[in-house]
>>> print(open('protein_32.cif').read())   # mmCIF, C-alpha atoms
data_protein
loop_
_atom_site.label_atom_id
_atom_site.label_comp_id
_atom_site.auth_asym_id
_atom_site.auth_seq_id
_atom_site.Cartn_x
_atom_site.Cartn_y
_atom_site.Cartn_z
CA MET A 715 0.00 0.00 0.00
CA THR A 716 1.50 3.29 -1.11
CA SER A 717 1.30 6.02 1.46
CA HIS A 718 -0.33 9.27 0.39
CA PRO A 719 0.81 12.14 2.55
CA SER A 720 -1.83 14.77 3.12
CA GLU A 721 -1.49 17.87 0.97
CA MET A 722 -3.68 19.87 3.28
CA ILE A 723 -2.88 21.50 6.53
CA SER A 724 -5.44 22.57 9.03
CA GLY A 725 -5.51 26.28 9.76
CA ARG A 726 -6.28 29.18 7.49
CA SER A 727 -3.85 30.34 4.79
CA SER A 728 -2.11 33.65 5.42
CA LEU A 729 -3.09 34.70 1.89
CA PRO A 730 -6.59 35.98 1.07
CA ALA A 731 -9.08 33.46 -0.39
CA ALA A 732 -8.85 32.99 -4.15
CA ASP A 733 -11.24 35.44 -5.85
CA TYR A 734 -12.53 33.48 -8.84
CA ILE A 735 -14.77 36.25 -10.16
CA ALA A 736 -11.82 38.65 -10.33
CA GLU A 737 -9.60 35.93 -11.82
CA THR A 738 -12.17 35.05 -14.48
CA ARG A 739 -12.63 38.72 -15.40
CA ARG A 740 -8.86 39.06 -15.77
CA LEU A 741 -8.66 35.94 -17.94
CA TYR A 742 -11.59 36.97 -20.16
CA ASP A 743 -10.19 40.49 -20.61
CA SER A 744 -6.83 39.04 -21.63
CA LEU A 745 -8.58 36.82 -24.19
CA GLY A 746 -10.68 39.68 -25.55
CA TYR A 747 -13.95 38.06 -24.45
CA ASP A 748 -16.97 39.99 -23.28
CA SER A 749 -17.31 40.12 -19.51
CA TYR A 750 -18.79 37.00 -18.01
CA ARG A 751 -22.14 37.76 -16.38
CA TRP A 752 -22.30 35.99 -13.04
CA ALA A 753 -25.64 35.06 -11.58
CA ASP A 754 -26.09 37.68 -8.90
CA GLU A 755 -28.66 36.65 -6.33
CA ARG A 756 -27.37 38.84 -3.53
CA ALA A 757 -30.55 40.94 -3.52
CA THR A 758 -32.78 37.83 -3.42
CA PRO A 759 -33.38 36.51 0.12
CA ALA A 760 -31.96 33.00 0.34
CA PRO A 761 -34.70 30.41 0.94
CA TRP A 762 -34.63 28.72 4.31
CA ALA A 763 -35.75 25.37 5.67
CA ALA A 764 -35.25 24.44 9.30
CA ILE A 765 -33.29 21.27 10.03
CA ASP A 766 -35.22 19.15 12.48
CA LYS A 767 -33.13 15.98 12.73
CA PRO A 768 -29.60 15.28 13.95
CA LEU A 769 -27.10 14.34 11.23
CA SER A 770 -26.93 10.83 12.67
CA GLN A 771 -30.58 10.32 11.67
CA SER A 772 -30.50 12.23 8.37
CA ARG A 773 -30.55 10.81 4.86
CA ILE A 774 -28.17 12.73 2.60
CA LEU A 775 -28.52 13.41 -1.12
CA LEU A 776 -25.14 14.21 -2.72
CA ILE A 777 -25.23 16.54 -5.72
CA GLY A 778 -21.99 17.32 -7.54
CA SER A 779 -21.28 19.67 -10.46
CA GLY A 780 -17.92 18.17 -11.43
CA GLY A 781 -19.17 16.29 -14.52
CA LEU A 782 -19.22 12.85 -12.84
CA TYR A 783 -20.68 9.90 -14.69
CA ARG A 784 -20.50 6.15 -14.20
CA HIS A 785 -18.75 3.72 -16.52
CA GLY A 786 -21.53 2.56 -18.87
CA GLN A 787 -23.37 5.87 -18.80
CA ILE A 788 -23.21 8.44 -21.59
CA ALA A 789 -20.56 11.03 -20.71
CA PHE A 790 -21.46 14.71 -20.56
CA HIS A 791 -20.68 16.82 -23.57
CA THR A 792 -19.06 20.11 -22.74
CA LYS A 793 -21.09 22.58 -24.78
CA ASP A 794 -23.77 23.57 -22.27
CA ASP A 795 -24.88 20.00 -21.44
CA THR A 796 -27.85 20.57 -19.14
CA SER A 797 -28.63 16.90 -18.44
CA ILE A 798 -27.99 15.05 -15.17
CA ARG A 799 -26.70 11.59 -14.21
CA LEU A 800 -28.04 9.44 -11.41
CA ILE A 801 -25.19 7.67 -9.64
CA ALA A 802 -26.36 4.86 -7.35
CA SER A 803 -25.00 5.59 -3.88
CA ASP A 804 -23.40 2.14 -3.71
CA THR A 805 -21.42 2.67 -6.93
CA PRO A 806 -17.80 1.52 -6.55
CA THR A 807 -15.55 4.56 -6.82
CA ASP A 808 -13.44 2.91 -9.51
CA GLU A 809 -16.47 3.08 -11.84
CA LEU A 810 -16.72 6.87 -11.58
CA ARG A 811 -15.45 9.06 -14.43
CA THR A 812 -15.40 12.79 -15.13
CA ALA A 813 -16.20 14.86 -18.22
CA HIS A 814 -15.61 18.60 -17.87
CA PHE A 815 -13.59 21.29 -19.62
CA ALA A 816 -13.00 24.00 -17.06
CA TYR A 817 -10.98 22.40 -14.27
CA ASP A 818 -7.94 20.16 -14.14
CA GLN A 819 -9.42 16.67 -13.78
CA THR A 820 -6.13 14.90 -12.99
CA ASP A 821 -6.83 14.56 -9.27
CA ALA A 822 -10.59 13.95 -9.61
CA ARG A 823 -9.83 11.08 -12.00
CA THR A 824 -7.25 9.71 -9.55
CA ASP A 825 -9.77 9.91 -6.71
CA PRO A 826 -13.33 11.08 -7.47
CA ASN A 827 -13.78 11.92 -3.78
CA CYS A 828 -11.96 15.20 -4.53
CA VAL A 829 -15.20 16.49 -6.06
CA PHE A 830 -17.78 13.76 -5.35
CA PRO A 831 -17.20 12.40 -1.82
CA LEU A 832 -19.19 9.15 -2.05
CA ASP A 833 -16.63 7.02 -0.16
CA VAL A 834 -16.41 9.68 2.51
CA LEU A 835 -20.18 9.81 2.99
CA ARG A 836 -20.44 6.00 3.04
CA ALA A 837 -17.77 5.86 5.76
CA MET A 838 -19.71 8.45 7.77
CA VAL A 839 -22.84 6.29 7.48
CA ASP A 840 -20.87 3.20 8.56
CA ASP A 841 -19.67 5.13 11.61
CA SER A 842 -23.25 6.30 12.38
CA GLU A 843 -22.26 9.93 11.90
CA LEU A 844 -24.95 10.11 9.21
CA GLY A 845 -28.27 8.28 9.04
CA GLY A 846 -27.90 7.14 5.43
CA LEU A 847 -27.68 8.08 1.78
CA THR A 848 -30.44 8.35 -0.78
CA GLU A 849 -30.68 5.57 -3.35
CA SER A 850 -28.82 7.68 -5.91
CA ALA A 851 -26.63 10.75 -5.96
CA VAL A 852 -26.97 13.36 -8.70
CA ALA A 853 -24.19 14.62 -10.97
CA PHE A 854 -24.11 17.31 -13.62
CA MET A 855 -21.52 19.24 -15.62
CA GLY A 856 -21.53 22.68 -14.06
CA GLY A 857 -19.77 24.45 -16.93
CA VAL A 858 -23.00 25.69 -18.50
CA TYR A 859 -22.56 29.26 -19.71
CA SER A 860 -26.27 30.03 -19.95
CA THR A 861 -27.74 30.78 -16.53
CA ARG A 862 -31.17 30.71 -18.14
CA ARG A 863 -30.70 27.18 -19.50
CA LEU A 864 -29.31 26.01 -16.17
CA ARG A 865 -32.32 27.43 -14.38
CA GLU A 866 -34.91 26.22 -16.90
CA GLU A 867 -33.44 22.82 -17.83
CA THR A 868 -31.03 21.48 -15.19
CA VAL A 869 -32.57 22.83 -11.99
CA PRO A 870 -36.02 21.22 -12.55
CA LEU A 871 -34.34 17.84 -13.17
CA ILE A 872 -32.37 18.17 -9.93
CA LEU A 873 -35.41 19.37 -7.98
CA GLU A 874 -37.38 16.38 -9.20
CA GLN A 875 -34.70 14.12 -7.70
CA CYS A 876 -34.71 16.13 -4.47
CA HIS A 877 -38.38 15.20 -4.11
CA ARG A 878 -38.17 11.66 -5.45
CA GLN A 879 -35.14 10.55 -3.40
CA GLU A 880 -36.64 11.90 -0.16
CA PRO A 881 -33.48 13.22 1.50
CA ASP A 882 -33.43 15.02 4.84
CA LEU A 883 -30.41 17.05 3.73
CA VAL A 884 -28.81 17.87 0.40
CA LEU A 885 -25.04 18.29 0.11
CA LEU A 886 -24.10 20.24 -3.03
CA VAL A 887 -20.43 19.95 -3.93
CA PRO A 888 -19.66 22.55 -6.60
CA VAL A 889 -16.52 22.66 -8.72
CA MET B 791 -15.93 32.89 -1.99
CA SER B 792 -16.98 35.67 -4.39
CA ILE B 793 -18.97 33.19 -6.51
CA THR B 794 -20.63 31.66 -3.45
CA ARG B 795 -21.58 35.10 -2.18
CA SER B 796 -23.01 36.02 -5.58
CA ALA B 797 -25.14 32.86 -5.76
CA ASN B 798 -26.37 33.45 -2.19
CA PRO B 799 -27.21 29.89 -1.14
CA PRO B 800 -29.05 29.43 2.18
CA ARG B 801 -26.19 27.60 3.92
CA SER B 802 -22.66 27.30 2.60
CA VAL B 803 -19.10 26.71 3.64
CA PHE B 804 -16.11 27.97 1.71
CA ILE B 805 -13.06 25.74 1.36
CA ASP B 806 -9.95 27.54 0.14
CA LEU B 807 -8.37 24.74 -1.90
CA PRO B 808 -7.39 24.65 -5.60
CA LEU B 809 -10.19 24.36 -8.17
CA GLY B 810 -11.21 20.70 -8.59
CA HIS B 811 -10.58 19.86 -4.91
CA THR B 812 -13.80 21.00 -3.25
CA SER B 813 -13.87 18.00 -0.94
CA GLY B 814 -10.12 17.51 -0.58
CA MET B 815 -6.98 16.04 -2.04
CA PRO B 816 -6.74 12.63 -3.78
CA HIS B 817 -6.54 9.64 -1.41
CA ASP B 818 -6.36 11.94 1.60
CA ARG B 819 -9.26 10.18 3.30
CA ASN B 820 -8.73 11.84 6.68
CA GLY B 821 -8.63 15.31 5.14
CA GLN B 822 -11.67 14.61 2.95
CA ARG B 823 -13.58 13.31 5.93
CA SER B 824 -12.72 16.41 7.97
CA ILE B 825 -13.97 18.69 5.20
CA VAL B 826 -17.26 16.88 4.60
CA SER B 827 -17.94 16.33 8.28
CA GLN B 828 -17.14 19.91 9.29
CA ALA B 829 -19.17 21.25 6.35
CA LEU B 830 -22.27 19.28 7.35
CA ILE B 831 -21.93 20.16 11.03
CA ALA B 832 -21.40 23.85 10.25
CA GLY B 833 -24.30 23.91 7.79
CA ALA B 834 -26.67 22.24 10.23
CA ALA B 835 -25.76 24.75 12.94
CA MET B 836 -26.47 27.85 10.82
CA THR B 837 -29.39 30.01 11.85
CA GLU B 838 -29.33 32.83 9.25
CA PRO B 839 -30.07 32.38 5.51
CA GLY B 840 -27.06 33.34 3.38
CA THR B 841 -24.47 32.33 5.98
CA ILE B 842 -21.01 31.46 4.59
CA ASP B 843 -18.57 29.80 7.00
CA GLN B 844 -14.96 29.41 5.98
CA LEU B 845 -13.45 26.08 6.98
CA ASP B 846 -9.82 26.30 8.03
CA PHE B 847 -8.05 24.12 5.49
CA THR B 848 -5.01 25.24 3.53
CA PHE B 849 -3.31 23.59 0.59
CA VAL B 850 0.21 22.71 1.66
CA ASP B 851 1.68 24.96 -1.04
CA ASP B 852 0.23 28.46 -1.42
CA ASP B 853 1.76 28.87 -4.90
CA TRP B 854 -1.54 27.92 -6.49
CA LYS B 855 -3.04 31.22 -5.42
CA ALA B 856 -0.82 33.07 -7.88
CA ASP B 857 -2.92 31.46 -10.61
CA PRO B 858 -6.00 29.82 -9.12
CA LEU B 859 -7.94 29.31 -12.37
CA SER B 860 -5.27 27.27 -14.10
CA TRP B 861 -3.34 25.63 -11.29
CA SER B 862 -2.97 22.04 -12.29
CA ARG B 863 -1.37 18.90 -10.92
CA LYS B 864 0.56 18.48 -14.16
CA ARG B 865 2.03 21.96 -14.04
CA GLN B 866 2.85 21.57 -10.38
CA SER B 867 4.70 18.33 -11.15
CA ALA B 868 6.63 20.20 -13.82
CA GLY B 869 7.51 22.97 -11.35
CA GLN B 870 5.53 25.56 -13.30
CA THR B 871 3.15 26.89 -10.70
CA ARG B 872 4.97 30.19 -10.24
CA THR B 873 4.16 31.33 -13.75
CA ARG B 874 0.69 32.20 -14.96
CA GLY B 875 -0.78 29.47 -17.10
CA GLY B 876 -3.24 31.55 -19.11
CA ASP B 877 -6.36 29.77 -20.30
CA SER B 878 -6.21 26.17 -19.14
CA ARG B 879 -9.74 25.24 -20.15
CA THR B 880 -9.97 22.61 -22.85
CA GLY B 881 -12.09 23.11 -25.97
CA ARG B 882 -15.80 22.40 -25.69
CA SER B 883 -17.47 19.61 -27.60
CA ALA B 884 -21.11 18.94 -28.45
CA GLN B 885 -20.35 15.20 -28.38
CA PRO B 886 -20.01 13.19 -25.14
CA VAL B 887 -16.47 13.56 -23.79
CA PHE B 888 -15.74 10.07 -22.52
CA GLN B 889 -12.82 9.71 -20.14
CA ASP B 890 -11.55 6.78 -22.21
CA GLU B 891 -12.57 4.57 -25.10
CA ALA B 892 -13.69 1.74 -22.83
CA ASP B 893 -16.32 4.08 -21.37
CA ALA B 894 -17.60 4.95 -24.83
CA ALA B 895 -17.82 1.26 -25.74
CA ALA B 896 -19.60 0.39 -22.47
CA ALA B 897 -22.15 3.17 -22.97
CA GLU B 898 -22.71 2.01 -26.53
CA GLY B 899 -23.59 -1.43 -25.19
CA ILE B 900 -26.44 -0.18 -23.00
CA SER B 901 -29.86 0.38 -24.52
CA TRP B 902 -31.36 3.86 -24.68
CA ASP B 903 -34.27 2.76 -22.48
CA GLU B 904 -31.84 1.88 -19.70
CA GLN B 905 -29.69 4.96 -20.26
CA CYS B 906 -32.56 7.37 -19.98
CA LEU B 907 -33.34 6.10 -16.47
CA VAL B 908 -29.97 7.39 -15.28
CA CYS B 909 -28.98 9.98 -17.91
CA ILE B 910 -31.89 12.34 -17.50
CA GLY B 911 -32.54 15.21 -19.86
CA LEU B 912 -30.62 13.80 -22.83
CA GLN B 913 -32.21 13.93 -26.26
CA PRO B 914 -32.90 10.41 -27.61
CA PRO B 915 -30.74 9.37 -30.57
CA ASP B 916 -32.33 9.74 -34.03
#
>>> encode(input="protein_32.cif", output="structure tokens")
Amino acid sequence: MTSHPSEMISGRSSLPAADYIAETRRLYDSLGYDSYRWADERATPAPWAAIDKPLSQSRILLIGSGGLYRHGQIAFHTKDDTSIRLIASDTPTDELRTAHFAYDQTDARTDPNCVFPLDVLRAMVDDSELGGLTESAVAFMGGVYSTRRLREETVPLILEQCHRQEPDLVLLVPV
Amino acid sequence: MSITRSANPPRSVFIDLPLGHTSGMPHDRNGQRSIVSQALIAGAAMTEPGTIDQLDFTFVDDDWKADPLSWSRKRQSAGQTRTRGGDSRTGRSAQPVFQDEADAAAAEGISWDEQCLVCIGLQPPD
């Protein structure tokens, strides 16, 4: 068994957090693109639902935007693919794949838990830290440049799963 | 953090690690577990909509912050993380981008009726 030293340290970096909006603006300006228009929901009150169960009794639905699919499924295309993939929560990690264009997938393909922590959640269930997982997790390819299409096409598909899978909590892992 | 703030989700935690490592580093099961566990505990404890907690995890090498959009494992291995990498996105394709040919062959072998149970929102083939 090869040892894998941790590449994280606990404690906050002395440098400010990476500012991806500023970085993307800089990149787009340097490429001569029009400014990217970020969804800006700051003026919209965030919806709120009270949590009425401890984590140890809660069923979790994992949703990831890292372009995960399972061996045997049709991979995402990378030109505004608004579809979703259901990944059974007992899927062996070595059957998980990624299809994305906007992040370096080297590490996610080495260990999908970098962006889709299924093994981690299963271990938490085994240790009774969580109550359980829904039958399937949900994956999509978050690099969709049309906010409108994301809202009108992808979000309803995800919401349908949020109702159908009957989770107590949803964990969204964005990339 | 700026993107999270702009999207204004009800409960969120920010993890200051390189893009593509939201829930940790490869095979670092203890680190991944800490992130996911602390994120869920922090989220469950929030009382105000729009709360963003920052979890205290740092990538061992802060060099990535000089170029957060295009930091990559490959460039780090080649000792190139101190120079800006420009646009590291790959081209976009309207065809499925399979990780390898075996995936494409396996997907080909599964009927559309089965696929559409798990690949939801795809247009059926002609």
>>> closest_residue(input="protein_32.cif", among="A:Thr796, A:Asn827, A:Thr812, A:Thr848", to="Arg862 in chain A", atoms="all atoms listed in the file")
A:Thr796
>>> resolve_selection(input="protein_32.cif", expression="the PyMOL selection byres ((chain B and resi 882) around 10)", output="list in words")
His791, Thr792, Lys793, Asp794, His814, Phe815, Ala816 and Gly857 of chain A; Arg879, Thr880, Gly881, Ser883, Ala884, Gln885 and Val887 of chain B
>>> write_last_selection(input="protein_32.cif", atoms="C-alpha atoms", output="PDB file, in the coordinates of the input")
ATOM      1  CA  HIS A 791     -20.680  16.820 -23.570  1.00  0.00           C
ATOM      2  CA  THR A 792     -19.060  20.110 -22.740  1.00  0.00           C
ATOM      3  CA  LYS A 793     -21.090  22.580 -24.780  1.00  0.00           C
ATOM      4  CA  ASP A 794     -23.770  23.570 -22.270  1.00  0.00           C
ATOM      5  CA  HIS A 814     -15.610  18.600 -17.870  1.00  0.00           C
ATOM      6  CA  PHE A 815     -13.590  21.290 -19.620  1.00  0.00           C
ATOM      7  CA  ALA A 816     -13.000  24.000 -17.060  1.00  0.00           C
ATOM      8  CA  GLY A 857     -19.770  24.450 -16.930  1.00  0.00           C
TER       9      GLY A 857
ATOM     10  CA  ARG B 879      -9.740  25.240 -20.150  1.00  0.00           C
ATOM     11  CA  THR B 880      -9.970  22.610 -22.850  1.00  0.00           C
ATOM     12  CA  GLY B 881     -12.090  23.110 -25.970  1.00  0.00           C
ATOM     13  CA  SER B 883     -17.470  19.610 -27.600  1.00  0.00           C
ATOM     14  CA  ALA B 884     -21.110  18.940 -28.450  1.00  0.00           C
ATOM     15  CA  GLN B 885     -20.350  15.200 -28.380  1.00  0.00           C
ATOM     16  CA  VAL B 887     -16.470  13.560 -23.790  1.00  0.00           C
TER      17      VAL B 887
END
>>> resolve_selection(input="protein_32.cif", expression="the PyMOL selection byres ((chain A and resi 767-781) around 7)", output="PDB file with C-alpha atoms, in the frame of the given file")
ATOM      1  CA  ILE A 765     -33.290  21.270  10.030  1.00  0.00           C
ATOM      2  CA  ASP A 766     -35.220  19.150  12.480  1.00  0.00           C
ATOM      3  CA  LEU A 782     -19.220  12.850 -12.840  1.00  0.00           C
ATOM      4  CA  TYR A 783     -20.680   9.900 -14.690  1.00  0.00           C
ATOM      5  CA  PHE A 790     -21.460  14.710 -20.560  1.00  0.00           C
ATOM      6  CA  THR A 812     -15.400  12.790 -15.130  1.00  0.00           C
ATOM      7  CA  ALA A 813     -16.200  14.860 -18.220  1.00  0.00           C
ATOM      8  CA  HIS A 814     -15.610  18.600 -17.870  1.00  0.00           C
ATOM      9  CA  VAL A 829     -15.200  16.490  -6.060  1.00  0.00           C
ATOM     10  CA  PHE A 830     -17.780  13.760  -5.350  1.00  0.00           C
ATOM     11  CA  SER A 842     -23.250   6.300  12.380  1.00  0.00           C
ATOM     12  CA  GLU A 843     -22.260   9.930  11.900  1.00  0.00           C
ATOM     13  CA  LEU A 844     -24.950  10.110   9.210  1.00  0.00           C
ATOM     14  CA  GLY A 845     -28.270   8.280   9.040  1.00  0.00           C
ATOM     15  CA  GLY A 846     -27.900   7.140   5.430  1.00  0.00           C
ATOM     16  CA  LEU A 847     -27.680   8.080   1.780  1.00  0.00           C
ATOM     17  CA  THR A 848     -30.440   8.350  -0.780  1.00  0.00           C
ATOM     18  CA  ALA A 851     -26.630  10.750  -5.960  1.00  0.00           C
ATOM     19  CA  VAL A 852     -26.970  13.360  -8.700  1.00  0.00           C
ATOM     20  CA  ALA A 853     -24.190  14.620 -10.970  1.00  0.00           C
ATOM     21  CA  PHE A 854     -24.110  17.310 -13.620  1.00  0.00           C
ATOM     22  CA  MET A 855     -21.520  19.240 -15.620  1.00  0.00           C
ATOM     23  CA  GLY A 856     -21.530  22.680 -14.060  1.00  0.00           C
ATOM     24  CA  PRO A 881     -33.480  13.220   1.500  1.00  0.00           C
ATOM     25  CA  ASP A 882     -33.430  15.020   4.840  1.00  0.00           C
ATOM     26  CA  LEU A 883     -30.410  17.050   3.730  1.00  0.00           C
ATOM     27  CA  VAL A 884     -28.810  17.870   0.400  1.00  0.00           C
ATOM     28  CA  LEU A 885     -25.040  18.290   0.110  1.00  0.00           C
ATOM     29  CA  LEU A 886     -24.100  20.240  -3.030  1.00  0.00           C
ATOM     30  CA  VAL A 887     -20.430  19.950  -3.930  1.00  0.00           C
ATOM     31  CA  PRO A 888     -19.660  22.550  -6.600  1.00  0.00           C
ATOM     32  CA  VAL A 889     -16.520  22.660  -8.720  1.00  0.00           C
TER      33      VAL A 889
END
>>> closest_residue(input="protein_32.cif", among="B:Pro915, B:Asp903, B:Asp853, B:Asn798", to="chain A", atoms="all atoms listed in the file")
B:Asn798
>>> resolve_selection(input="protein_32.cif", expression="the PyMOL selection byres ((chain B and resi 794) around 10)", output="list in words")
Tyr734, Asp754, Glu755, Arg756 and Pro888 of chain A; Met791, Ser792, Ile793, Arg795, Ser796, Ala797, Asn798, Pro799, Ser802, Val803, Phe804, Gly840 and Ile842 of chain B
>>> closest_residue(input="protein_32.cif", among="A:Gly725, A:Gly746, A:Pro761, A:Gly786", to="Gln889 in chain B", atoms="all atoms listed in the file")
A:Gly786
>>> closest_residue(input="protein_32.cif", among="A:Pro806, A:Thr758, A:Tyr750, A:Glu880", to="Ser860 in chain A", atoms="all atoms listed in the file")
A:Tyr750
>>> atom_distance(input="protein_32.cif", atom1="CA of Leu845 in chain B", atom2="CA of Asp840 in chain A")
24.1 Å
>>> residues_around(input="protein_32.cif", residues="range 817-824 of chain B", least_positions_apart="5", cutoff="12 Å", atoms="only C-alpha atoms", output="ChimeraX atom specification")
/A:715-724,807,821-839,841,843 /B:805,807,811-812,829-832,845-849
>>> residues_near_point(input="protein_32.cif", point="(-32.1, 14.3, -15.3)", cutoff="7 Å", atoms="all atoms listed in the file", output="NGL selection string")
(:A and (797-799 or 871-872)) or (:B and (909-911))
>>> write_last_selection(input="protein_32.cif", atoms="C-alpha atoms", output="JSON list (two decimals), keeping the file's coordinate frame")
[["chain", "number", "residue", "atom", "x", "y", "z"],
["A", 797, "SER", "CA", -28.63, 16.90, -18.44],
["A", 798, "ILE", "CA", -27.99, 15.05, -15.17],
["A", 799, "ARG", "CA", -26.70, 11.59, -14.21],
["A", 871, "LEU", "CA", -34.34, 17.84, -13.17],
["A", 872, "ILE", "CA", -32.37, 18.17, -9.93],
["B", 909, "CYS", "CA", -28.98, 9.98, -17.91],
["B", 910, "ILE", "CA", -31.89, 12.34, -17.50],
["B", 911, "GLY", "CA", -32.54, 15.21, -19.86]]
>>> closest_residue(input="protein_32.cif", among="A:His785, A:Leu864, A:Tyr859, A:Ser803", to="chain B", atoms="all atoms listed in the file")
A:His785
>>> atom_distance(input="protein_32.cif", atom1="CA of Glu898 in chain B", atom2="CA of Ile788 in chain A")
8.1 Å
>>> residues_around(input="protein_32.cif", residues="Pro914 in chain B", least_positions_apart="2", cutoff="8 Å", atoms="only C-alpha atoms", output="ChimeraX atom specification")
/B:902,912,916
>>> atom_distance(input="protein_32.cif", atom1="CA of Ala897 in chain B", atom2="CA of Ser878 in chain B")
28.2 Å
>>> closest_residue(input="protein_32.cif", among="B:Met815, B:Ala835, B:Ala856, B:Ala895", to="Ala731 in chain A", atoms="only C-alpha atoms")
B:Ala856
>>> build_atoms(input="protein_32.cif", residues="range 796-812 of chain B", atoms="N, CA and C atoms", output="short mmCIF file (atom, residue, chain, number, x, y, z; two decimals), in the coordinates of the input")
data_model
loop_
_atom_site.label_atom_id
_atom_site.label_comp_id
_atom_site.auth_asym_id
_atom_site.auth_seq_id
_atom_site.Cartn_x
_atom_site.Cartn_y
_atom_site.Cartn_z
N SER B 796 -22.15 35.56 -4.50
CA SER B 796 -23.01 36.02 -5.58
C SER B 796 -24.23 35.12 -5.77
N ALA B 797 -24.03 33.80 -5.58
CA ALA B 797 -25.14 32.86 -5.76
C ALA B 797 -26.07 32.86 -4.55
N ASN B 798 -25.57 33.28 -3.41
CA ASN B 798 -26.37 33.45 -2.19
C ASN B 798 -27.17 32.21 -1.78
N PRO B 799 -26.49 31.07 -1.62
CA PRO B 799 -27.21 29.89 -1.14
C PRO B 799 -27.60 30.04 0.33
N PRO B 800 -28.60 29.27 0.79
CA PRO B 800 -29.05 29.43 2.18
C PRO B 800 -27.96 29.10 3.20
N ARG B 801 -27.24 28.00 2.97
CA ARG B 801 -26.19 27.60 3.92
C ARG B 801 -24.99 27.19 3.10
N SER B 802 -23.83 27.75 3.36
CA SER B 802 -22.66 27.30 2.60
C SER B 802 -21.39 27.41 3.44
N VAL B 803 -20.44 26.58 3.07
CA VAL B 803 -19.10 26.71 3.64
C VAL B 803 -18.14 26.92 2.49
N PHE B 804 -17.13 27.71 2.73
CA PHE B 804 -16.11 27.97 1.71
C PHE B 804 -14.85 27.22 2.10
N ILE B 805 -14.28 26.51 1.12
CA ILE B 805 -13.06 25.74 1.36
C ILE B 805 -12.00 26.26 0.40
N ASP B 806 -10.94 26.81 0.94
CA ASP B 806 -9.95 27.54 0.14
C ASP B 806 -8.87 26.60 -0.39
N LEU B 807 -9.30 25.70 -1.29
CA LEU B 807 -8.37 24.74 -1.90
C LEU B 807 -8.42 24.93 -3.41
N PRO B 808 -7.41 24.43 -4.15
CA PRO B 808 -7.39 24.65 -5.60
C PRO B 808 -8.65 24.11 -6.29
N LEU B 809 -9.04 24.77 -7.37
CA LEU B 809 -10.19 24.36 -8.17
C LEU B 809 -10.10 22.85 -8.47
N GLY B 810 -11.22 22.15 -8.34
CA GLY B 810 -11.21 20.70 -8.59
C GLY B 810 -10.90 19.89 -7.34
N HIS B 811 -10.89 20.56 -6.17
CA HIS B 811 -10.58 19.86 -4.91
C HIS B 811 -11.54 20.31 -3.82
N THR B 812 -12.82 20.48 -4.20
CA THR B 812 -13.80 21.00 -3.25
C THR B 812 -13.87 20.17 -1.98
#
